[in-house]
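Trainee: Input: one structure, supplied below.
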Amino acid sequence: MIKSLISCPSPEHAVLEFNGLFDRSTAHKVRRDSLKLVQKQGSRELEIDLTNARCIDTSCVAVLVEILNTVRKQGGKLKLTGIDDNTARMISLSQLDEIFEDVIVAEKK
Amino acid sequence: MPSADLIEVRGLKSFYRGRQVLFDVTFGIPSHQVTVIMGASGCGKTTLLRHLIGLKCTGQGQILVDGEDLGSFSEGLLKSYRRRIGVLFQGGALFNSMSLRENIAVPLKVHTKLADETIRIMTVMKLNMVGLSDFSEFMPSQLSGGMRKRAGLARALAMDPEILFVDEPSSGLDPITAAGLDRLLLDLRETLGMTVVVVTHELESAFKIADRIVMMDKGRVMALGAPDEVRRSTDERVLQFLNREADTHMINIDSYYESLLDKE
Ligand SMILES: Nc1ncnc2c1ncn2[C@@H]1O[C@H](COP(=O)(O)OP(=O)(O)O)[C@@H](O)[C@H]1O
Ligand SMILES: [Mg+2]
């Protein structure tokens with residue numbers, strides 16, 4: 001089970017927060033909710049906050065890659081906060097560090 | 001009593017049409033570690049692996065997974081156990097009519113409801129892990145044996161297994177590719193905390209990657225423990241096995257070939 005929550009701290013900045021287990025049984029929901037908001041945000045900034053999500057398998061990294069690709073295609077900006085160690089390790093084992101370099105923000109502001 | 005081992009093999013005996021090939025095999029497979037089952041060709045390693053993954057059942061004794069007897073699993077339980085494991089068989093076994101990417105996507109398409117794009121990215125990630133991301137659209141027939149083996153490993157990893165079983169991963173590979181594969185198995189343990197079970201007859205690789213070694217001889221466990229413990233064994237058969245292998249490693253392949261060429 002995973003729940004999402006949208007907030008808009010400013011007109012230029014939307015935050016999508018996930019809460020729960022992010023694995024291959026819930027990846028489709030994370031993907032759908034995120035891509036919907038990505039479209040709405042256009043070239044504005046989107047922050048995905050995974051502080052309260054637990055990423056179990058590589059489906060979660062794959063979904064993040066697709067979100068990032070889509071955001072970049074429409075000239076927007078993506079920020080990922082609250083990425084846990086396990087996810088960071090999966091990213092680096094699949095040699096995706098470079099792609100996520102400017103995207104992952106260590107501390108939630 | 002709860003046990004630290006994820007899988008426990010207790011007094012396993014195995015038969016092929018009445019002929020016994022495993023004799024009272026007993027050992028444990030610890031979580032998040034690399035267990036290497038080693039021994040000479042024909043000693044029963046692949047048979048043991050088939051028992052561990054629930055493929056071969058004609059035997060006596062027990063295999064406990066999380067303390068539960070695999071032999072008494074219902075079809076449903078066996079199915080969910082199989083979803084927790086990834087297996088790379090000795091032959092590799094890819095579908096020849098599919099590209100590498102399609103091959104690796106098969107388990108994800110069958111067992112999950114993930115979006116096509118998610119599956120596509122996951123398969124590329126797995127191909128990248130085994131160093132084959134540039135070959136995702138290749139057909140198996142266009143690849144070398146070593147590449148097919150690595151592709152098989154990528155497929156075994158497709159579902160992010162909790163336990164990975166690999167049968168003779170580096171046989172037939174050049175030393176550099178083999179070393180890369182060893183490194184990857186260690187990375188999977190370190191990075192993802194995977195429980196890895198490797199079957200091999202290659203001594204050097206076994207001692208390099210193992211947290212625990214199960215050394216077999218003619219269907220029996222002849223040594224069991226951490227690499228250091230096995231190396232310090234005073235058992236004559238163990239020493240013989242260790243030394244025989246060491247002898248074959250002493251051959252310098254280059255000078256051997258040179259001496260062959262000199263005859264021309
Ligand atoms: N399908 C089979 N039918 C009959 N005998 C088999 C079969 N598979 C293996 N064996 C025999 O069982 C013994 C152990 O084989 P195996 O488990 O493949 O050893 P290893 O993997 O260590 O080389 C060998 O004597 C082999 O001939
Ligand atoms: Mg074998």
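Identifiers in this document derive from the order of the structure tokens: chains are assigned A, B, ..., residues are numbered from 1 separately in each chain, and ligands are numbered from 1 in order of occurrence.
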Taking only C-alpha atoms into account and nothing else, which residues of chain B lie no more than 9 Å away from chain A? Please answer as a ChimeraX atom specification.
Mentor: /B:112-115,117-122,124-129,158-161,187-188,191-192
Trainee: Put those residues in a file: N, CA and C atoms, as a JSON list (two decimals), in the first residue's frame.
Mentor:
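What landed in out.json:
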```json
[["chain", "number", "residue", "atom", "x", "y", "z"],
["B", 112, "THR", "N", 4.23, -9.64, -13.05],
["B", 112, "THR", "CA", 3.89, -8.34, -12.49],
["B", 112, "THR", "C", 2.93, -7.58, -13.41],
["B", 113, "LYS", "N", 2.37, -6.51, -12.88],
["B", 113, "LYS", "CA", 1.49, -5.67, -13.69],
["B", 113, "LYS", "C", 2.18, -4.34, -13.97],
["B", 114, "LEU", "N", 3.49, -4.37, -13.97],
["B", 114, "LEU", "CA", 4.23, -3.13, -14.19],
["B", 114, "LEU", "C", 3.99, -2.61, -15.60],
["B", 115, "ALA", "N", 4.06, -1.27, -15.75],
["B", 115, "ALA", "CA", 3.90, -0.65, -17.05],
["B", 115, "ALA", "C", 5.04, -1.06, -17.97],
["B", 117, "GLU", "N", 6.90, 0.60, -19.90],
["B", 117, "GLU", "CA", 8.08, 1.46, -19.82],
["B", 117, "GLU", "C", 8.89, 1.14, -18.56],
["B", 118, "THR", "N", 8.22, 0.84, -17.46],
["B", 118, "THR", "CA", 8.93, 0.46, -16.23],
["B", 118, "THR", "C", 9.72, -0.84, -16.48],
["B", 119, "ILE", "N", 9.06, -1.79, -17.13],
["B", 119, "ILE", "CA", 9.73, -3.06, -17.43],
["B", 119, "ILE", "C", 10.93, -2.82, -18.35],
["B", 120, "ARG", "N", 10.73, -1.96, -19.35],
["B", 120, "ARG", "CA", 11.84, -1.69, -20.27],
["B", 120, "ARG", "C", 13.05, -1.13, -19.51],
["B", 121, "ILE", "N", 12.79, -0.17, -18.64],
["B", 121, "ILE", "CA", 13.90, 0.44, -17.89],
["B", 121, "ILE", "C", 14.54, -0.58, -16.95],
["B", 122, "MET", "N", 13.71, -1.38, -16.29],
["B", 122, "MET", "CA", 14.26, -2.39, -15.38],
["B", 122, "MET", "C", 15.16, -3.38, -16.11],
["B", 124, "VAL", "N", 16.85, -2.86, -18.86],
["B", 124, "VAL", "CA", 18.10, -2.20, -19.24],
["B", 124, "VAL", "C", 19.02, -2.08, -18.01],
["B", 125, "MET", "N", 18.41, -1.80, -16.85],
["B", 125, "MET", "CA", 19.21, -1.72, -15.61],
["B", 125, "MET", "C", 19.92, -3.04, -15.34],
["B", 126, "LYS", "N", 19.18, -4.14, -15.51],
["B", 126, "LYS", "CA", 19.76, -5.46, -15.23],
["B", 126, "LYS", "C", 20.84, -5.79, -16.25],
["B", 127, "LEU", "N", 20.60, -5.43, -17.51],
["B", 127, "LEU", "CA", 21.64, -5.67, -18.52],
["B", 127, "LEU", "C", 22.88, -4.85, -18.21],
["B", 128, "ASN", "N", 22.64, -3.66, -17.69],
["B", 128, "ASN", "CA", 23.77, -2.81, -17.30],
["B", 128, "ASN", "C", 24.57, -3.45, -16.16],
["B", 129, "MET", "N", 23.87, -4.01, -15.19],
["B", 129, "MET", "CA", 24.56, -4.65, -14.06],
["B", 129, "MET", "C", 25.52, -5.73, -14.53],
["B", 158, "ALA", "N", 15.98, -10.40, -12.85],
["B", 158, "ALA", "CA", 14.88, -9.56, -13.32],
["B", 158, "ALA", "C", 13.89, -9.21, -12.21],
["B", 159, "MET", "N", 13.56, -10.18, -11.40],
["B", 159, "MET", "CA", 12.52, -9.98, -10.39],
["B", 159, "MET", "C", 13.10, -9.54, -9.05],
["B", 160, "ASP", "N", 14.33, -9.07, -9.03],
["B", 160, "ASP", "CA", 14.97, -8.67, -7.77],
["B", 160, "ASP", "C", 14.86, -9.76, -6.72],
["B", 161, "PRO", "N", 15.40, -10.93, -7.01],
["B", 161, "PRO", "CA", 15.22, -12.04, -6.08],
["B", 161, "PRO", "C", 15.90, -11.78, -4.74],
["B", 187, "ASP", "N", 28.85, -7.72, -5.16],
["B", 187, "ASP", "CA", 28.10, -6.46, -5.14],
["B", 187, "ASP", "C", 26.64, -6.68, -4.80],
["B", 188, "LEU", "N", 26.08, -7.74, -5.34],
["B", 188, "LEU", "CA", 24.66, -8.02, -5.10],
["B", 188, "LEU", "C", 24.43, -8.33, -3.63],
["B", 191, "THR", "N", 25.35, -4.76, -1.83],
["B", 191, "THR", "CA", 24.47, -3.64, -2.14],
["B", 191, "THR", "C", 23.02, -3.95, -1.84],
["B", 192, "LEU", "N", 22.56, -5.09, -2.29],
["B", 192, "LEU", "CA", 21.14, -5.39, -2.14],
["B", 192, "LEU", "C", 20.87, -6.38, -1.02]]
```
Trainee: Any residue with an atom at most 7 Å from ligand 1 counts, using only C-alpha atoms and all ligand atoms. Which are they? Put them as a list in words.
Mentor: Tyr16, Arg17, Val21, Gly39, Ala40, Ser41, Gly42, Cys43, Gly44, Lys45, Thr46, Thr47 and Leu48 of chain B
Trainee: Skipping near chain neighbours, those fewer than 2 positions away, what residues fall within 9 Å of stretch 4-7 of chain A using only C-alpha atoms, listed as an MDAnalysis selection string?
Mentor: chainID A and resid 2 9:10 13:20 29:30 33 37
Trainee: Go through stretch 165-242 of chain B and collect every residue that DSSP, computed from the backbone, puts in strand (DSSP E or B); the answer should be as number ranges by chain.
Mentor: B: 165-167, 195-200, 212-217, 220-225
Trainee: Store the residues picked out above, limited to all heavy atoms, as a compact mmCIF listing (two decimals), in the first residue's frame.
Mentor:
```
# COMPACT_ATOMS: atom_id res chain seq x y z
N PHE B 165 20.39 -18.23 -7.06
CA PHE B 165 21.12 -19.49 -7.23
C PHE B 165 21.80 -19.46 -8.59
O PHE B 165 21.15 -19.21 -9.60
CB PHE B 165 20.15 -20.68 -7.21
CG PHE B 165 19.47 -20.89 -5.89
CD1 PHE B 165 18.21 -20.37 -5.65
CD2 PHE B 165 20.08 -21.63 -4.90
CE1 PHE B 165 17.57 -20.58 -4.43
CE2 PHE B 165 19.45 -21.85 -3.67
CZ PHE B 165 18.19 -21.31 -3.44
N VAL B 166 23.10 -19.73 -8.61
CA VAL B 166 23.79 -19.78 -9.90
C VAL B 166 24.63 -21.04 -9.99
O VAL B 166 25.38 -21.37 -9.09
CB VAL B 166 24.68 -18.53 -10.15
CG1 VAL B 166 23.83 -17.33 -10.48
CG2 VAL B 166 25.54 -18.23 -8.96
N ASP B 167 24.47 -21.73 -11.12
CA ASP B 167 25.17 -23.00 -11.33
C ASP B 167 26.33 -22.78 -12.30
O ASP B 167 26.10 -22.43 -13.45
CB ASP B 167 24.19 -24.04 -11.88
CG ASP B 167 24.72 -25.47 -11.74
OD1 ASP B 167 25.89 -25.64 -11.35
OD2 ASP B 167 23.95 -26.41 -12.02
N THR B 195 20.91 -12.97 -0.79
CA THR B 195 21.48 -14.25 -0.37
C THR B 195 21.88 -14.97 -1.65
O THR B 195 21.06 -15.14 -2.54
CB THR B 195 20.43 -15.08 0.40
OG1 THR B 195 20.01 -14.32 1.53
CG2 THR B 195 21.00 -16.42 0.84
N VAL B 196 23.16 -15.31 -1.76
CA VAL B 196 23.66 -15.86 -3.02
C VAL B 196 24.18 -17.28 -2.80
O VAL B 196 24.93 -17.53 -1.85
CB VAL B 196 24.78 -14.97 -3.60
CG1 VAL B 196 25.28 -15.52 -4.94
CG2 VAL B 196 24.31 -13.53 -3.77
N VAL B 197 23.75 -18.20 -3.66
CA VAL B 197 24.23 -19.58 -3.60
C VAL B 197 24.88 -19.91 -4.93
O VAL B 197 24.23 -19.86 -5.97
CB VAL B 197 23.08 -20.57 -3.32
CG1 VAL B 197 23.61 -22.00 -3.25
CG2 VAL B 197 22.35 -20.20 -2.04
N VAL B 198 26.17 -20.18 -4.89
CA VAL B 198 26.91 -20.43 -6.13
C VAL B 198 27.41 -21.87 -6.15
O VAL B 198 28.00 -22.34 -5.18
CB VAL B 198 28.14 -19.50 -6.23
CG1 VAL B 198 28.86 -19.71 -7.55
CG2 VAL B 198 27.74 -18.05 -6.08
N VAL B 199 27.15 -22.54 -7.25
CA VAL B 199 27.69 -23.88 -7.45
C VAL B 199 28.90 -23.75 -8.38
O VAL B 199 28.79 -23.10 -9.42
CB VAL B 199 26.64 -24.80 -8.11
CG1 VAL B 199 27.30 -26.03 -8.72
CG2 VAL B 199 25.60 -25.22 -7.09
N THR B 200 30.02 -24.30 -7.99
CA THR B 200 31.18 -24.19 -8.86
C THR B 200 32.17 -25.30 -8.59
O THR B 200 32.18 -25.90 -7.53
CB THR B 200 31.88 -22.82 -8.69
OG1 THR B 200 32.92 -22.72 -9.67
CG2 THR B 200 32.49 -22.67 -7.31
N ARG B 212 30.66 -18.81 3.10
CA ARG B 212 30.59 -20.18 3.61
C ARG B 212 30.81 -21.14 2.44
O ARG B 212 30.27 -20.93 1.36
CB ARG B 212 29.21 -20.43 4.23
CG ARG B 212 29.07 -21.82 4.84
CD ARG B 212 27.75 -22.00 5.54
NE ARG B 212 27.64 -21.19 6.74
CZ ARG B 212 26.63 -21.29 7.60
NH1 ARG B 212 25.66 -22.14 7.38
NH2 ARG B 212 26.58 -20.52 8.68
N ILE B 213 31.59 -22.16 2.70
CA ILE B 213 31.86 -23.16 1.66
C ILE B 213 31.28 -24.50 2.07
O ILE B 213 31.42 -24.92 3.22
CB ILE B 213 33.39 -23.29 1.42
CG1 ILE B 213 33.90 -22.04 0.68
CG2 ILE B 213 33.72 -24.55 0.62
CD1 ILE B 213 35.37 -22.07 0.37
N VAL B 214 30.60 -25.12 1.12
CA VAL B 214 30.13 -26.48 1.31
C VAL B 214 30.91 -27.32 0.31
O VAL B 214 30.67 -27.22 -0.90
CB VAL B 214 28.62 -26.60 1.03
CG1 VAL B 214 28.14 -28.03 1.27
CG2 VAL B 214 27.82 -25.60 1.85
N MET B 215 31.88 -28.09 0.79
CA MET B 215 32.70 -28.85 -0.15
C MET B 215 32.17 -30.27 -0.23
O MET B 215 32.02 -30.94 0.79
CB MET B 215 34.16 -28.84 0.29
CG MET B 215 35.08 -29.34 -0.79
SD MET B 215 36.78 -29.38 -0.22
CE MET B 215 37.27 -27.71 -0.55
N MET B 216 31.88 -30.70 -1.45
CA MET B 216 31.26 -32.03 -1.61
C MET B 216 32.19 -33.00 -2.30
O MET B 216 33.05 -32.62 -3.09
CB MET B 216 29.96 -31.90 -2.41
CG MET B 216 29.01 -30.98 -1.70
SD MET B 216 27.31 -31.11 -2.18
CE MET B 216 27.15 -32.68 -2.90
N ASP B 217 31.98 -34.27 -1.97
CA ASP B 217 32.73 -35.33 -2.63
C ASP B 217 31.81 -36.53 -2.79
O ASP B 217 31.27 -37.02 -1.78
CB ASP B 217 33.96 -35.68 -1.77
CG ASP B 217 34.79 -36.78 -2.39
OD1 ASP B 217 34.99 -36.73 -3.63
OD2 ASP B 217 35.24 -37.68 -1.66
N ARG B 220 28.60 -36.50 -0.87
CA ARG B 220 28.64 -36.24 0.58
C ARG B 220 29.32 -34.91 0.83
O ARG B 220 30.18 -34.48 0.07
CB ARG B 220 29.43 -37.34 1.29
CG ARG B 220 28.77 -38.68 1.28
CD ARG B 220 29.57 -39.67 2.12
NE ARG B 220 28.77 -40.83 2.45
CZ ARG B 220 28.60 -41.89 1.64
NH1 ARG B 220 29.21 -41.91 0.47
NH2 ARG B 220 27.83 -42.88 1.99
N VAL B 221 28.94 -34.28 1.95
CA VAL B 221 29.64 -33.07 2.36
C VAL B 221 30.93 -33.49 3.02
O VAL B 221 30.92 -34.24 3.99
CB VAL B 221 28.79 -32.25 3.35
CG1 VAL B 221 29.58 -31.05 3.86
CG2 VAL B 221 27.50 -31.78 2.69
N MET B 222 32.08 -33.02 2.48
CA MET B 222 33.33 -33.41 3.12
C MET B 222 33.95 -32.28 3.93
O MET B 222 34.79 -32.51 4.78
CB MET B 222 34.32 -34.02 2.13
CG MET B 222 34.95 -33.07 1.16
SD MET B 222 36.31 -33.93 0.33
CE MET B 222 36.46 -32.95 -1.14
N ALA B 223 33.54 -31.07 3.67
CA ALA B 223 34.01 -29.96 4.50
C ALA B 223 32.97 -28.86 4.45
O ALA B 223 32.28 -28.68 3.45
CB ALA B 223 35.35 -29.45 4.01
N LEU B 224 32.90 -28.11 5.55
CA LEU B 224 31.85 -27.11 5.67
C LEU B 224 32.36 -25.99 6.56
O LEU B 224 32.90 -26.25 7.63
CB LEU B 224 30.62 -27.77 6.31
CG LEU B 224 29.38 -26.97 6.56
CD1 LEU B 224 28.79 -26.50 5.25
CD2 LEU B 224 28.36 -27.81 7.32
N GLY B 225 32.23 -24.76 6.12
CA GLY B 225 32.63 -23.67 6.99
C GLY B 225 33.10 -22.45 6.22
O GLY B 225 32.95 -22.37 5.00
```
Trainee: Would you mind writing down, as JSON, numbers by chain, each residue of chain A that DSSP on the backbone assigns to helix (DSSP H, G or I)?
Mentor: {"A": [27, 28, 29, 30, 31, 32, 33, 34, 35, 36, 37, 38, 39, 40, 41, 58, 59, 60, 61, 62, 63, 64, 65, 66, 67, 68, 69, 70, 71, 72, 73, 85, 86, 87, 88, 89, 90, 91, 92, 93, 97, 98, 99, 100]}
Trainee: Tell me, as a PDB file with N, CA and C atoms, in the first residue's frame, which residues lie within 9 Å of A:Leu50, counting only C-alpha atoms; anything in the same chain fewer than 2 positions away does not count.
Mentor:
```pdb
ATOM      1  N   LEU A  16       5.100  16.239  -4.286  1.00  0.00           N
ATOM      2  CA  LEU A  16       4.336  15.000  -4.244  1.00  0.00           C
ATOM      3  C   LEU A  16       4.998  14.077  -3.232  1.00  0.00           C
ATOM      4  N   GLU A  17       4.220  13.754  -2.214  1.00  0.00           N
ATOM      5  CA  GLU A  17       4.792  12.981  -1.133  1.00  0.00           C
ATOM      6  C   GLU A  17       4.202  11.580  -1.140  1.00  0.00           C
ATOM      7  N   PHE A  18       5.060  10.570  -1.004  1.00  0.00           N
ATOM      8  CA  PHE A  18       4.565   9.196  -0.948  1.00  0.00           C
ATOM      9  C   PHE A  18       4.792   8.616   0.433  1.00  0.00           C
ATOM     10  N   ASN A  19       3.840   7.791   0.823  1.00  0.00           N
ATOM     11  CA  ASN A  19       3.867   7.234   2.156  1.00  0.00           C
ATOM     12  C   ASN A  19       3.492   5.754   2.075  1.00  0.00           C
ATOM     13  N   ILE A  48       9.568  15.284  -5.565  1.00  0.00           N
ATOM     14  CA  ILE A  48       8.985  14.028  -5.082  1.00  0.00           C
ATOM     15  C   ILE A  48       9.682  13.674  -3.779  1.00  0.00           C
ATOM     16  N   ASN A  52       8.940   9.080   3.541  1.00  0.00           N
ATOM     17  CA  ASN A  52       8.105   8.090   4.214  1.00  0.00           C
ATOM     18  C   ASN A  52       7.733   6.908   3.325  1.00  0.00           C
ATOM     19  N   ALA A  53       8.511   6.753   2.255  1.00  0.00           N
ATOM     20  CA  ALA A  53       8.277   5.593   1.386  1.00  0.00           C
ATOM     21  C   ALA A  53       9.459   4.650   1.536  1.00  0.00           C
ATOM     22  N   ARG A  54       9.183   3.354   1.453  1.00  0.00           N
ATOM     23  CA  ARG A  54      10.274   2.405   1.525  1.00  0.00           C
ATOM     24  C   ARG A  54      10.395   1.731   0.164  1.00  0.00           C
ATOM     25  N   CYS A  55      11.557   1.937  -0.483  1.00  0.00           N
ATOM     26  CA  CYS A  55      11.760   1.370  -1.815  1.00  0.00           C
ATOM     27  C   CYS A  55      12.427   0.008  -1.670  1.00  0.00           C
ATOM     28  N   LEU A  80      14.356  15.078  -6.036  1.00  0.00           N
ATOM     29  CA  LEU A  80      13.966  13.908  -5.239  1.00  0.00           C
ATOM     30  C   LEU A  80      14.496  14.083  -3.829  1.00  0.00           C
ATOM     31  N   THR A  81      13.622  14.013  -2.872  1.00  0.00           N
ATOM     32  CA  THR A  81      14.074  14.126  -1.485  1.00  0.00           C
ATOM     33  C   THR A  81      13.721  12.869  -0.716  1.00  0.00           C
ATOM     34  N   GLY A  82      14.479  12.637   0.325  1.00  0.00           N
ATOM     35  CA  GLY A  82      14.194  11.503   1.207  1.00  0.00           C
ATOM     36  C   GLY A  82      14.525  10.154   0.601  1.00  0.00           C
ATOM     37  N   ILE A  83      15.465  10.117  -0.342  1.00  0.00           N
ATOM     38  CA  ILE A  83      15.896   8.837  -0.931  1.00  0.00           C
ATOM     39  C   ILE A  83      16.689   8.057   0.126  1.00  0.00           C
ATOM     40  N   ASP A  84      16.291   6.822   0.380  1.00  0.00           N
ATOM     41  CA  ASP A  84      17.007   6.065   1.416  1.00  0.00           C
ATOM     42  C   ASP A  84      18.270   5.386   0.847  1.00  0.00           C
TER      43      ASP A  84
END
```
Trainee: Tell me, as number ranges by chain, which residues lie within 7 Å of stretch 22-26 of chain B, counting only C-alpha atoms; anything in the same chain fewer than 6 positions away does not count.
Mentor: B: 9-14, 44, 219-221
Trainee: Grab the residues selected above and save them as a PDB file, in the first residue's frame with N, CA, C and O atoms.
Mentor:
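This is the output file again20.pdb:
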```pdb
ATOM      1  N   VAL B   9      19.444 -27.513   5.090  1.00  0.00           N
ATOM      2  CA  VAL B   9      19.336 -28.825   4.460  1.00  0.00           C
ATOM      3  C   VAL B   9      19.667 -29.854   5.535  1.00  0.00           C
ATOM      4  O   VAL B   9      20.709 -29.756   6.189  1.00  0.00           O
ATOM      5  N   ARG B  10      18.756 -30.808   5.748  1.00  0.00           N
ATOM      6  CA  ARG B  10      18.938 -31.771   6.831  1.00  0.00           C
ATOM      7  C   ARG B  10      18.848 -33.194   6.314  1.00  0.00           C
ATOM      8  O   ARG B  10      17.791 -33.625   5.848  1.00  0.00           O
ATOM      9  N   GLY B  11      19.972 -33.876   6.364  1.00  0.00           N
ATOM     10  CA  GLY B  11      19.988 -35.307   6.021  1.00  0.00           C
ATOM     11  C   GLY B  11      19.405 -35.621   4.654  1.00  0.00           C
ATOM     12  O   GLY B  11      18.678 -36.601   4.492  1.00  0.00           O
ATOM     13  N   LEU B  12      19.727 -34.802   3.655  1.00  0.00           N
ATOM     14  CA  LEU B  12      19.146 -34.994   2.326  1.00  0.00           C
ATOM     15  C   LEU B  12      19.795 -36.178   1.600  1.00  0.00           C
ATOM     16  O   LEU B  12      21.019 -36.266   1.475  1.00  0.00           O
ATOM     17  N   LYS B  13      18.945 -37.082   1.132  1.00  0.00           N
ATOM     18  CA  LYS B  13      19.391 -38.193   0.281  1.00  0.00           C
ATOM     19  C   LYS B  13      18.663 -38.029  -1.037  1.00  0.00           C
ATOM     20  O   LYS B  13      17.478 -37.706  -1.046  1.00  0.00           O
ATOM     21  N   SER B  14      19.367 -38.244  -2.132  1.00  0.00           N
ATOM     22  CA  SER B  14      18.705 -38.079  -3.415  1.00  0.00           C
ATOM     23  C   SER B  14      18.996 -39.258  -4.328  1.00  0.00           C
ATOM     24  O   SER B  14      20.080 -39.849  -4.264  1.00  0.00           O
ATOM     25  N   GLY B  44      27.379 -34.120  -7.476  1.00  0.00           N
ATOM     26  CA  GLY B  44      25.987 -33.924  -7.062  1.00  0.00           C
ATOM     27  C   GLY B  44      25.584 -32.478  -6.811  1.00  0.00           C
ATOM     28  O   GLY B  44      24.517 -32.220  -6.245  1.00  0.00           O
ATOM     29  N   GLY B 219      28.787 -37.011  -3.550  1.00  0.00           N
ATOM     30  CA  GLY B 219      27.460 -36.968  -2.955  1.00  0.00           C
ATOM     31  C   GLY B 219      27.424 -36.722  -1.462  1.00  0.00           C
ATOM     32  O   GLY B 219      26.356 -36.759  -0.851  1.00  0.00           O
ATOM     33  N   ARG B 220      28.596 -36.503  -0.871  1.00  0.00           N
ATOM     34  CA  ARG B 220      28.639 -36.241   0.576  1.00  0.00           C
ATOM     35  C   ARG B 220      29.315 -34.908   0.832  1.00  0.00           C
ATOM     36  O   ARG B 220      30.176 -34.478   0.066  1.00  0.00           O
ATOM     37  N   VAL B 221      28.942 -34.281   1.950  1.00  0.00           N
ATOM     38  CA  VAL B 221      29.635 -33.067   2.356  1.00  0.00           C
ATOM     39  C   VAL B 221      30.933 -33.486   3.024  1.00  0.00           C
ATOM     40  O   VAL B 221      30.925 -34.244   3.991  1.00  0.00           O
TER      41      VAL B 221
END
```
Trainee: Can you pull out the residues contacting stretch 143-156 of chain B? Cut-off 9 Å, using only C-alpha atoms, and skip same-chain residues under 4 positions away; I want them as JSON, numbers by chain.
Mentor: {"B": [85, 86, 87, 88, 89, 90, 91, 92, 93, 94, 100, 103, 104, 105, 106, 107, 123, 125, 126, 127, 128, 129, 130, 131, 132, 135, 138, 139, 160, 161, 164, 165, 166, 169, 170, 171, 172, 173, 174, 177, 178, 181]}
Trainee: Take the selection from the previous step and output its residues with C-alpha atoms, as a PDB file, in the first residue's frame.
Mentor:
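Result file selection-v6.pdb:
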```pdb
ATOM      1  CA  ILE B  85      14.378 -16.803  -5.927  1.00  0.00           C
ATOM      2  CA  GLY B  86      16.324 -16.236  -9.123  1.00  0.00           C
ATOM      3  CA  VAL B  87      18.106 -19.091 -10.839  1.00  0.00           C
ATOM      4  CA  LEU B  88      20.866 -19.183 -13.420  1.00  0.00           C
ATOM      5  CA  PHE B  89      21.109 -22.740 -14.714  1.00  0.00           C
ATOM      6  CA  GLN B  90      24.311 -24.273 -15.953  1.00  0.00           C
ATOM      7  CA  GLY B  91      23.211 -24.015 -19.591  1.00  0.00           C
ATOM      8  CA  GLY B  92      22.002 -20.417 -19.330  1.00  0.00           C
ATOM      9  CA  ALA B  93      18.818 -21.183 -21.270  1.00  0.00           C
ATOM     10  CA  LEU B  94      17.633 -18.031 -23.049  1.00  0.00           C
ATOM     11  CA  LEU B 100      18.158 -10.004 -24.776  1.00  0.00           C
ATOM     12  CA  ASN B 103      14.307 -12.354 -22.639  1.00  0.00           C
ATOM     13  CA  ILE B 104      14.847 -10.457 -19.433  1.00  0.00           C
ATOM     14  CA  ALA B 105      11.418  -8.850 -19.590  1.00  0.00           C
ATOM     15  CA  VAL B 106       9.671 -12.242 -19.653  1.00  0.00           C
ATOM     16  CA  PRO B 107       9.488 -12.842 -15.880  1.00  0.00           C
ATOM     17  CA  THR B 123      15.576  -4.756 -18.049  1.00  0.00           C
ATOM     18  CA  MET B 125      19.213  -1.719 -15.611  1.00  0.00           C
ATOM     19  CA  LYS B 126      19.759  -5.459 -15.229  1.00  0.00           C
ATOM     20  CA  LEU B 127      21.637  -5.673 -18.517  1.00  0.00           C
ATOM     21  CA  ASN B 128      23.773  -2.814 -17.295  1.00  0.00           C
ATOM     22  CA  MET B 129      24.558  -4.646 -14.063  1.00  0.00           C
ATOM     23  CA  VAL B 130      26.008  -7.535 -16.047  1.00  0.00           C
ATOM     24  CA  GLY B 131      27.776  -5.238 -18.516  1.00  0.00           C
ATOM     25  CA  LEU B 132      25.507  -5.905 -21.500  1.00  0.00           C
ATOM     26  CA  PHE B 135      23.520  -5.469 -26.482  1.00  0.00           C
ATOM     27  CA  PHE B 138      20.897  -8.543 -29.830  1.00  0.00           C
ATOM     28  CA  MET B 139      19.611 -12.068 -30.254  1.00  0.00           C
ATOM     29  CA  ASP B 160      14.969  -8.668  -7.774  1.00  0.00           C
ATOM     30  CA  PRO B 161      15.216 -12.042  -6.081  1.00  0.00           C
ATOM     31  CA  LEU B 164      19.993 -16.015  -6.143  1.00  0.00           C
ATOM     32  CA  PHE B 165      21.117 -19.485  -7.232  1.00  0.00           C
ATOM     33  CA  VAL B 166      23.788 -19.779  -9.898  1.00  0.00           C
ATOM     34  CA  PRO B 169      28.610 -19.123 -13.504  1.00  0.00           C
ATOM     35  CA  SER B 170      32.157 -18.805 -14.705  1.00  0.00           C
ATOM     36  CA  SER B 171      32.749 -22.088 -16.509  1.00  0.00           C
ATOM     37  CA  GLY B 172      33.784 -21.368 -20.079  1.00  0.00           C
ATOM     38  CA  LEU B 173      34.444 -17.705 -19.377  1.00  0.00           C
ATOM     39  CA  ASP B 174      37.753 -15.939 -19.854  1.00  0.00           C
ATOM     40  CA  THR B 177      34.915 -11.886 -17.443  1.00  0.00           C
ATOM     41  CA  ALA B 178      34.883 -14.529 -14.715  1.00  0.00           C
ATOM     42  CA  LEU B 181      31.098 -11.965 -12.499  1.00  0.00           C
TER      43      LEU B 181
END
```
Trainee: Which one of B:Glu168, B:Leu55, B:Gly67, B:Phe95 sits closest to ligand 2 if you count only C-alpha atoms and all ligand atoms?
Mentor: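 Residue with the minimum atom-to-atom distance to ligand 2: B:Glu168.
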Trainee: Set the distance at 12 Å and use only C-alpha atoms: which residues neighbour A:Val71 once local chain neighbours fewer than 6 positions away are removed? I'd like the list as an MDAnalysis selection string.
Mentor: chainID A and resid 34:48 64:65 77:79 103
Trainee: Return the single residue from B:Arg50, B:Lys109, B:Lys79, B:Lys56 that is closest to ligand 2, with distances computed using only C-alpha atoms and all ligand atoms.
Mentor: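 Of B:Arg50, B:Lys109, B:Lys79, B:Lys56, the one nearest ligand 2 is B:Arg50, counting only C-alpha atoms and all ligand atoms.
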